[in-house]
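Coordinates from input-v9.cif are shown below (mmCIF, C-alpha atoms).
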```
data_data
#
loop_
_atom_site.label_atom_id
_atom_site.label_comp_id
_atom_site.auth_asym_id
_atom_site.auth_seq_id
_atom_site.Cartn_x
_atom_site.Cartn_y
_atom_site.Cartn_z
CA MET E 1 -65.31 -75.50 -136.21
CA TYR E 2 -66.14 -74.26 -132.70
CA ALA E 3 -64.30 -77.20 -131.14
CA ARG E 4 -61.19 -76.65 -133.24
CA THR E 5 -61.19 -72.92 -132.44
CA LEU E 6 -61.52 -73.61 -128.71
CA ILE E 7 -58.73 -76.17 -128.81
CA ARG E 8 -56.39 -73.77 -130.62
CA ALA E 9 -57.23 -70.91 -128.26
CA SER E 10 -56.83 -73.11 -125.19
CA SER E 11 -53.47 -74.42 -126.27
CA ARG E 12 -52.20 -70.85 -126.61
CA LEU E 13 -53.38 -69.95 -123.11
CA VAL E 14 -51.95 -73.03 -121.40
CA SER E 15 -48.47 -73.82 -122.59
CA TYR E 16 -45.61 -75.87 -121.20
CA ARG E 17 -41.95 -75.04 -121.46
CA CYS E 18 -40.14 -77.58 -123.60
CA VAL E 19 -36.48 -78.25 -122.99
CA THR E 20 -34.58 -81.45 -123.80
CA PRO E 21 -35.27 -83.47 -126.97
CA LEU E 22 -36.52 -87.05 -126.73
CA THR E 23 -35.77 -89.91 -129.10
CA SER E 24 -38.53 -90.62 -131.62
CA TYR E 25 -39.89 -94.11 -132.16
CA ARG E 26 -39.04 -96.00 -135.34
CA GLY E 27 -38.39 -92.83 -137.29
CA PHE E 28 -41.83 -91.30 -136.68
CA ALA E 29 -40.86 -88.10 -134.89
CA SER E 30 -43.23 -86.27 -132.59
CA GLN E 31 -44.15 -82.71 -133.52
CA SER E 32 -43.46 -81.77 -129.88
CA ASP E 33 -40.46 -84.00 -129.31
CA LYS E 34 -39.43 -82.20 -126.11
CA LYS E 35 -39.56 -82.74 -122.38
CA ILE E 36 -42.47 -81.00 -120.65
CA ASP E 37 -41.82 -78.81 -117.63
CA THR E 38 -44.87 -77.96 -115.47
CA SER E 39 -43.04 -76.31 -112.60
CA GLY E 40 -44.57 -72.91 -113.45
CA THR E 41 -47.37 -71.35 -111.40
CA LEU E 42 -50.12 -71.61 -114.03
CA SER E 43 -49.28 -75.24 -114.77
CA SER E 44 -49.28 -76.09 -111.07
CA ILE E 45 -52.68 -74.46 -110.57
CA ASN E 46 -54.16 -76.32 -113.54
CA SER E 47 -52.75 -79.57 -112.26
CA LYS E 48 -54.06 -79.08 -108.72
CA ILE E 49 -57.61 -78.32 -109.90
CA GLY E 50 -57.77 -81.65 -111.71
CA GLY E 51 -56.31 -83.54 -108.78
CA ILE E 52 -58.79 -82.07 -106.30
CA LEU E 53 -61.76 -82.89 -108.53
CA GLY E 54 -60.45 -86.40 -109.11
CA LEU E 55 -60.03 -87.15 -105.41
CA ALA E 56 -63.57 -85.88 -104.81
CA GLY E 57 -64.93 -88.35 -107.35
CA ALA E 58 -66.36 -85.56 -109.52
CA PRO E 59 -68.80 -85.26 -111.18
CA THR E 60 -70.80 -87.88 -109.25
CA PHE E 61 -68.72 -87.55 -106.05
CA GLY E 62 -69.12 -91.26 -105.43
CA LYS E 63 -66.76 -94.21 -105.26
CA GLY E 64 -65.93 -96.74 -107.94
CA GLU E 65 -63.25 -99.27 -108.68
CA ASN E 66 -59.68 -98.55 -107.57
CA VAL E 67 -58.26 -96.29 -110.29
CA ILE E 68 -55.03 -98.30 -110.35
CA ASP E 69 -56.97 -101.41 -111.41
CA LEU E 70 -58.86 -99.42 -114.05
CA ILE E 71 -55.64 -98.05 -115.52
CA LYS E 72 -54.09 -101.52 -115.73
CA LYS E 73 -57.24 -102.87 -117.41
CA ASP E 74 -56.99 -100.15 -120.05
CA HIS E 75 -53.36 -101.05 -120.67
CA LYS E 76 -54.34 -104.69 -121.27
CA THR E 77 -57.15 -103.61 -123.62
CA VAL E 78 -54.70 -101.74 -125.85
CA GLU E 79 -52.33 -104.72 -125.93
CA SER E 80 -55.23 -107.03 -126.79
CA LEU E 81 -56.44 -104.81 -129.65
CA TYR E 82 -52.96 -104.68 -131.14
CA LYS E 83 -52.66 -108.47 -130.96
CA GLN E 84 -56.01 -108.79 -132.72
CA TYR E 85 -54.86 -106.33 -135.38
CA ASN E 86 -51.76 -108.43 -136.03
CA GLY E 87 -53.74 -111.66 -135.86
CA THR E 88 -55.83 -111.04 -138.95
CA LYS E 89 -55.26 -110.18 -142.60
CA ASP E 90 -58.83 -108.97 -143.01
CA LYS E 91 -58.46 -105.28 -143.84
CA SER E 92 -61.88 -104.38 -142.46
CA LYS E 93 -61.12 -105.97 -139.09
CA ARG E 94 -57.65 -104.42 -138.96
CA GLN E 95 -59.23 -101.03 -139.58
CA GLU E 96 -61.75 -101.53 -136.77
CA TYR E 97 -59.03 -102.62 -134.35
CA ALA E 98 -56.86 -99.61 -135.22
CA TRP E 99 -59.74 -97.19 -134.78
CA GLN E 100 -60.76 -98.74 -131.46
CA LEU E 101 -57.17 -98.76 -130.21
CA THR E 102 -56.87 -95.07 -131.06
CA LYS E 103 -60.09 -94.25 -129.21
CA GLU E 104 -59.05 -96.26 -126.15
CA LEU E 105 -55.66 -94.57 -125.96
CA VAL E 106 -57.03 -91.07 -126.49
CA GLN E 107 -59.72 -91.31 -123.83
CA HIS E 108 -57.49 -93.08 -121.32
CA SER E 109 -54.67 -90.58 -121.79
CA GLU E 110 -56.75 -87.42 -121.73
CA VAL E 111 -58.48 -88.38 -118.47
CA GLU E 112 -55.24 -89.58 -116.90
CA GLN E 113 -53.58 -86.26 -117.68
CA ILE E 114 -56.37 -84.19 -116.15
CA ILE E 115 -57.21 -86.03 -112.92
CA VAL E 116 -54.61 -88.75 -112.24
CA TYR E 117 -51.16 -87.34 -112.92
CA PRO E 118 -51.77 -84.22 -110.77
CA LEU E 119 -51.74 -86.50 -107.72
CA LEU E 120 -48.06 -87.21 -108.31
CA LYS E 121 -47.08 -83.73 -107.17
CA MET E 122 -49.97 -82.73 -104.91
CA ARG E 123 -48.33 -84.06 -101.74
CA ASN E 124 -44.77 -83.08 -102.58
CA THR E 125 -43.67 -86.69 -102.79
CA PRO E 126 -40.04 -87.37 -103.73
CA ASN E 127 -39.66 -87.69 -107.49
CA GLY E 128 -43.34 -86.76 -107.93
CA GLN E 129 -42.67 -83.70 -110.13
CA HIS E 130 -40.28 -85.69 -112.29
CA LEU E 131 -42.74 -88.57 -112.79
CA HIS E 132 -45.55 -86.11 -113.51
CA ASP E 133 -43.63 -84.24 -116.20
CA ARG E 134 -42.15 -87.37 -117.71
CA SER E 135 -45.61 -88.92 -117.98
CA LEU E 136 -46.99 -85.84 -119.76
CA THR E 137 -43.99 -85.78 -122.08
CA GLU E 138 -44.57 -89.40 -123.08
CA HIS E 139 -48.30 -88.76 -123.54
CA GLN E 140 -47.57 -85.85 -125.85
CA GLN E 141 -45.32 -88.02 -127.96
CA VAL E 142 -48.02 -90.67 -128.25
CA ARG E 143 -50.56 -87.93 -129.06
CA ASP E 144 -48.48 -86.85 -132.02
CA LEU E 145 -47.93 -90.40 -133.23
CA LEU E 146 -51.66 -91.13 -132.90
CA TYR E 147 -52.54 -88.02 -134.90
CA ASP E 148 -50.27 -89.17 -137.70
CA LEU E 149 -51.80 -92.65 -137.58
CA ASP E 150 -55.36 -91.30 -137.49
CA ASN E 151 -54.69 -89.40 -140.69
CA THR E 152 -53.23 -92.43 -142.47
CA SER E 153 -55.48 -94.68 -144.53
CA ILE E 154 -55.56 -98.40 -143.81
CA ASP E 155 -54.59 -98.81 -147.47
CA ASP E 156 -51.40 -96.83 -146.96
CA PRO E 157 -48.35 -99.16 -146.80
CA SER E 158 -47.02 -97.15 -143.84
CA HIS E 159 -50.10 -97.83 -141.68
CA PRO E 160 -48.78 -100.98 -139.92
CA ALA E 161 -45.46 -99.29 -139.12
CA LYS E 162 -47.18 -96.19 -137.77
CA LEU E 163 -49.46 -98.27 -135.55
CA LYS E 164 -46.44 -100.22 -134.35
CA ALA E 165 -44.70 -96.96 -133.45
CA VAL E 166 -47.74 -95.91 -131.39
CA VAL E 167 -47.86 -99.23 -129.56
CA GLU E 168 -44.12 -99.36 -128.89
CA ALA E 169 -44.16 -95.84 -127.42
CA THR E 170 -47.23 -96.75 -125.37
CA LEU E 171 -45.80 -100.00 -124.00
CA GLU E 172 -42.60 -98.27 -122.95
CA HIS E 173 -44.71 -95.71 -121.12
CA VAL E 174 -46.87 -98.45 -119.56
CA LYS E 175 -43.79 -100.25 -118.27
CA GLU E 176 -42.61 -97.13 -116.46
CA GLU E 177 -46.08 -96.22 -115.25
CA GLU E 178 -46.82 -99.62 -113.73
CA SER E 179 -43.42 -99.88 -112.07
CA GLU E 180 -43.08 -96.31 -110.76
CA VAL E 181 -46.20 -94.13 -111.07
CA LEU E 182 -48.91 -96.52 -109.89
CA PRO E 183 -46.92 -97.83 -106.89
CA LEU E 184 -46.38 -94.22 -105.80
CA LEU E 185 -50.12 -93.53 -105.98
CA ALA E 186 -50.84 -96.72 -104.01
CA LYS E 187 -48.38 -95.60 -101.33
CA GLU E 188 -49.46 -91.97 -101.00
CA TYR E 189 -53.24 -92.28 -101.30
CA THR E 190 -55.81 -94.31 -99.38
CA LEU E 191 -58.08 -96.91 -100.92
CA ASP E 192 -61.03 -94.59 -100.36
CA GLU E 193 -59.28 -91.81 -102.30
CA LEU E 194 -58.30 -94.16 -105.11
CA GLN E 195 -61.88 -95.41 -105.37
CA HIS E 196 -63.22 -91.87 -105.63
CA LEU E 197 -60.60 -91.26 -108.29
CA GLY E 198 -61.74 -94.41 -110.06
CA ALA E 199 -65.31 -93.10 -110.26
CA ALA E 200 -64.04 -89.79 -111.66
CA PHE E 201 -61.81 -91.63 -114.14
CA GLU E 202 -64.72 -93.62 -115.58
CA ASN E 203 -67.12 -90.66 -115.69
CA HIS E 204 -64.66 -88.29 -117.32
CA LYS E 205 -64.16 -90.76 -120.16
CA LEU E 206 -67.77 -90.08 -121.14
CA THR E 207 -66.85 -86.51 -122.11
CA ALA E 208 -63.35 -87.23 -123.45
CA PRO E 209 -62.64 -86.90 -127.20
CA THR E 210 -62.33 -90.00 -129.38
CA ARG E 211 -59.73 -88.60 -131.77
CA PRO E 212 -56.21 -87.32 -131.03
CA HIS E 213 -55.83 -83.54 -130.65
CA PRO E 214 -52.10 -83.02 -130.08
CA GLY E 215 -52.39 -79.23 -129.92
CA ALA E 216 -54.96 -79.23 -127.11
CA PRO E 217 -54.00 -78.35 -123.52
CA MET E 218 -53.22 -81.33 -121.33
CA GLN E 219 -54.48 -80.23 -117.91
CA GLY E 220 -56.84 -77.86 -116.14
CA PRO E 221 -60.30 -76.47 -116.89
CA LEU E 222 -59.35 -75.48 -120.44
CA ALA E 223 -58.28 -79.04 -121.20
CA ALA E 224 -61.59 -80.38 -119.90
CA ALA E 225 -63.56 -77.75 -121.85
CA ALA E 226 -61.64 -78.42 -125.04
CA GLY E 227 -62.27 -82.15 -124.68
CA MET E 228 -66.00 -81.68 -124.15
CA ALA E 229 -66.20 -79.34 -127.13
CA ALA E 230 -64.27 -81.75 -129.34
CA LYS E 231 -66.27 -84.83 -128.32
CA PRO E 232 -69.42 -84.21 -130.47
CA VAL E 233 -67.26 -83.21 -133.43
CA ASP E 234 -65.20 -86.38 -133.05
CA LEU E 235 -68.34 -88.53 -132.83
CA ALA E 236 -69.71 -86.94 -135.99
CA ARG E 237 -66.42 -87.56 -137.78
CA ASP E 238 -66.42 -91.15 -136.52
CA ALA E 239 -69.91 -91.70 -137.89
CA LEU E 240 -68.99 -90.18 -141.25
CA ARG E 241 -65.83 -92.26 -141.41
CA ASN E 242 -67.83 -95.45 -140.81
CA ILE E 243 -69.89 -94.58 -143.88
CA THR E 244 -67.20 -93.31 -146.23
CA GLU E 245 -64.04 -95.18 -145.22
CA LYS E 246 -65.13 -98.50 -143.74
CA LYS E 247 -63.91 -101.45 -145.76
#
```

What is this structure when it is put down as structure tokens?
Amino acid sequence: MYARTLIRASSRLVSYRCVTPLTSYRGFASQSDKKIDTSGTLSSINSKIGGILGLAGAPTFGKGENVIDLIKKDHKTVESLYKQYNGTKDKSKRQEYAWQLTKELVQHSEVEQIIVYPLLKMRNTPNGQHLHDRSLTEHQQVRDLLYDLDNTSIDDPSHPAKLKAVVEATLEHVKEEESEVLPLLAKEYTLDELQHLGAAFENHKLTAPTRPHPGAPMQGPLAAAAGMAAKPVDLARDALRNITEKK
């Protein structure tokens, strides 16, 4: 209850202006099917805080693997899980793959939003603001699709189509990210900085939620606090689900 209250309160305090509609995937419309604009002062401050902490390697302030390599590995993990889902008719295995895919996407996305995307506009790089806001917009759409999927039983006939919608939206985002966002980071930031960011990326996953929370803030201290508050609740729900819903 505390986690949900914090998430709702945080999302009211940190809001983004939504302007132009996006196209939904396969008929599963996002609840926030709008473009995100973070050009405001509060949004810029929230973004910068995350970027500074990421470049410092917080919370350990050490170096790890290049964050670009870590992000690409996560992308491949999601693709692999979806292939495994489609490669079996065993309902129990399909359920496990769908749950794991959801967890992987949620944790990857939440950390990316807080400490990686801010770098796109920290050094006033050309097109940085656009790529930053587009990336958040696409994440929000996937958040909404994941929430719908997470609340759909494996026995529901719509489950495969909803998972497909999530993956299609994700792969479109991945294509743009790997061709535009990651090359920009590689150009603007040193290997040392990207390795510190990699350490922060891996460590922040440890406190990231495991379930989608589409109404939660996407960046800044409130986003981090909401994620940490939601994490134990999500883990408890995961454990209960393994007992009551596992096939």

Please write the residues picked by the PyMOL selection byres ((chain E and resi 129) around 10) on this file as an mmCIF file with C-alpha atoms, keeping the file's coordinate frame.
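The resulting file, result-v7.cif, is shown below:
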```cif
data_model
loop_
_atom_site.group_PDB
_atom_site.id
_atom_site.type_symbol
_atom_site.label_atom_id
_atom_site.label_comp_id
_atom_site.auth_asym_id
_atom_site.auth_seq_id
_atom_site.Cartn_x
_atom_site.Cartn_y
_atom_site.Cartn_z
ATOM 1 C CA ASP E 37 -41.820 -78.810 -117.630
ATOM 2 C CA THR E 38 -44.870 -77.960 -115.470
ATOM 3 C CA SER E 39 -43.040 -76.310 -112.600
ATOM 4 C CA TYR E 117 -51.160 -87.340 -112.920
ATOM 5 C CA PRO E 118 -51.770 -84.220 -110.770
ATOM 6 C CA LEU E 119 -51.740 -86.500 -107.720
ATOM 7 C CA LEU E 120 -48.060 -87.210 -108.310
ATOM 8 C CA LYS E 121 -47.080 -83.730 -107.170
ATOM 9 C CA MET E 122 -49.970 -82.730 -104.910
ATOM 10 C CA ASN E 124 -44.770 -83.080 -102.580
ATOM 11 C CA THR E 125 -43.670 -86.690 -102.790
ATOM 12 C CA PRO E 126 -40.040 -87.370 -103.730
ATOM 13 C CA ASN E 127 -39.660 -87.690 -107.490
ATOM 14 C CA GLY E 128 -43.340 -86.760 -107.930
ATOM 15 C CA HIS E 130 -40.280 -85.690 -112.290
ATOM 16 C CA LEU E 131 -42.740 -88.570 -112.790
ATOM 17 C CA HIS E 132 -45.550 -86.110 -113.510
ATOM 18 C CA ASP E 133 -43.630 -84.240 -116.200
ATOM 19 C CA ARG E 134 -42.150 -87.370 -117.710
ATOM 20 C CA SER E 135 -45.610 -88.920 -117.980
#
```

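Proximity of E:Leu235, E:His173, E:Asn203, E:Pro214 to Gly64 (chain E), computed with all atoms listed in the file, is greatest for E:Asn203.
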
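For the pair CA of Gly54 (chain E) and CA of Ala200 (chain E), the interatomic distance is 5.6 Å.
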
Seminar exercise, completed: CA of Val167 (chain E) to CA of Thr77 (chain E) measures 11.9 Å

For this session: Find the spatial neighbours of region 101-110 of chain E, counting all atoms listed in the file, within a cut-off of 9 Å - ignore same-chain residues fewer than 2 positions away - and output them as JSON, numbers by chain.
Result: {"E": [71, 74, 75, 77, 78, 79, 81, 82, 96, 97, 98, 99, 112, 113, 114, 115, 139, 142, 143, 146, 149, 150, 170, 201, 204, 205, 206, 207, 208, 209, 210, 211, 212, 213, 218, 219, 223, 224, 227]}

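Running the PyMOL selection byres ((chain E and resi 56) around 10) on this file leaves Gly50, Gly51, Ile52, Leu53, Gly54, Leu55, Gly57, Ala58, Pro59, Thr60, Phe61, Gly62, Lys63, Glu193, Leu194, Gln195, His196, Leu197, Ala199 and Ala200 of chain E selected.
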
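Pairwise distance (CA of Leu171 (chain E), CA of Ile68 (chain E)) equals 16.6 Å.
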
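Compared by their closest atoms to Asn242 (chain E), and using only C-alpha atoms, the residues E:Lys187, E:Gln95, E:Glu180, E:Thr137 rank with E:Gln95 nearest.
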
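For the choices E:Arg241, E:Gly87, E:Asp148, E:Asp69, the atom-to-atom distance to Ala186 (chain E) is smallest for E:Asp69 when using only C-alpha atoms.
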
Problem set entry | Nearest candidate to Val67 (chain E) (options E:Thr244, E:Thr190, E:Thr152, E:Asn46; using all atoms listed in the file) | E:Thr190

Problem set entry | Nearest to Asp90 (chain E) by atom-to-atom distance, counting all atoms listed in the file, from E:Glu245, E:Asp192, E:Asp155, E:Glu178 | E:Asp155

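Among the candidates E:Ser92, E:Glu188, E:Glu65, E:Leu136, the residue lying nearest to Lys35 (chain E) is E:Leu136 (atoms considered: all atoms listed in the file).
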
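Surrounding residues of (-46.9, -95.0, -136.2) at most 7 Å away are Phe28, Leu145, Leu146, Asp148, Leu149, His159, Ala161, Lys162, Leu163, Lys164, Ala165 and Val166 of chain E (based on all atoms listed in the file).
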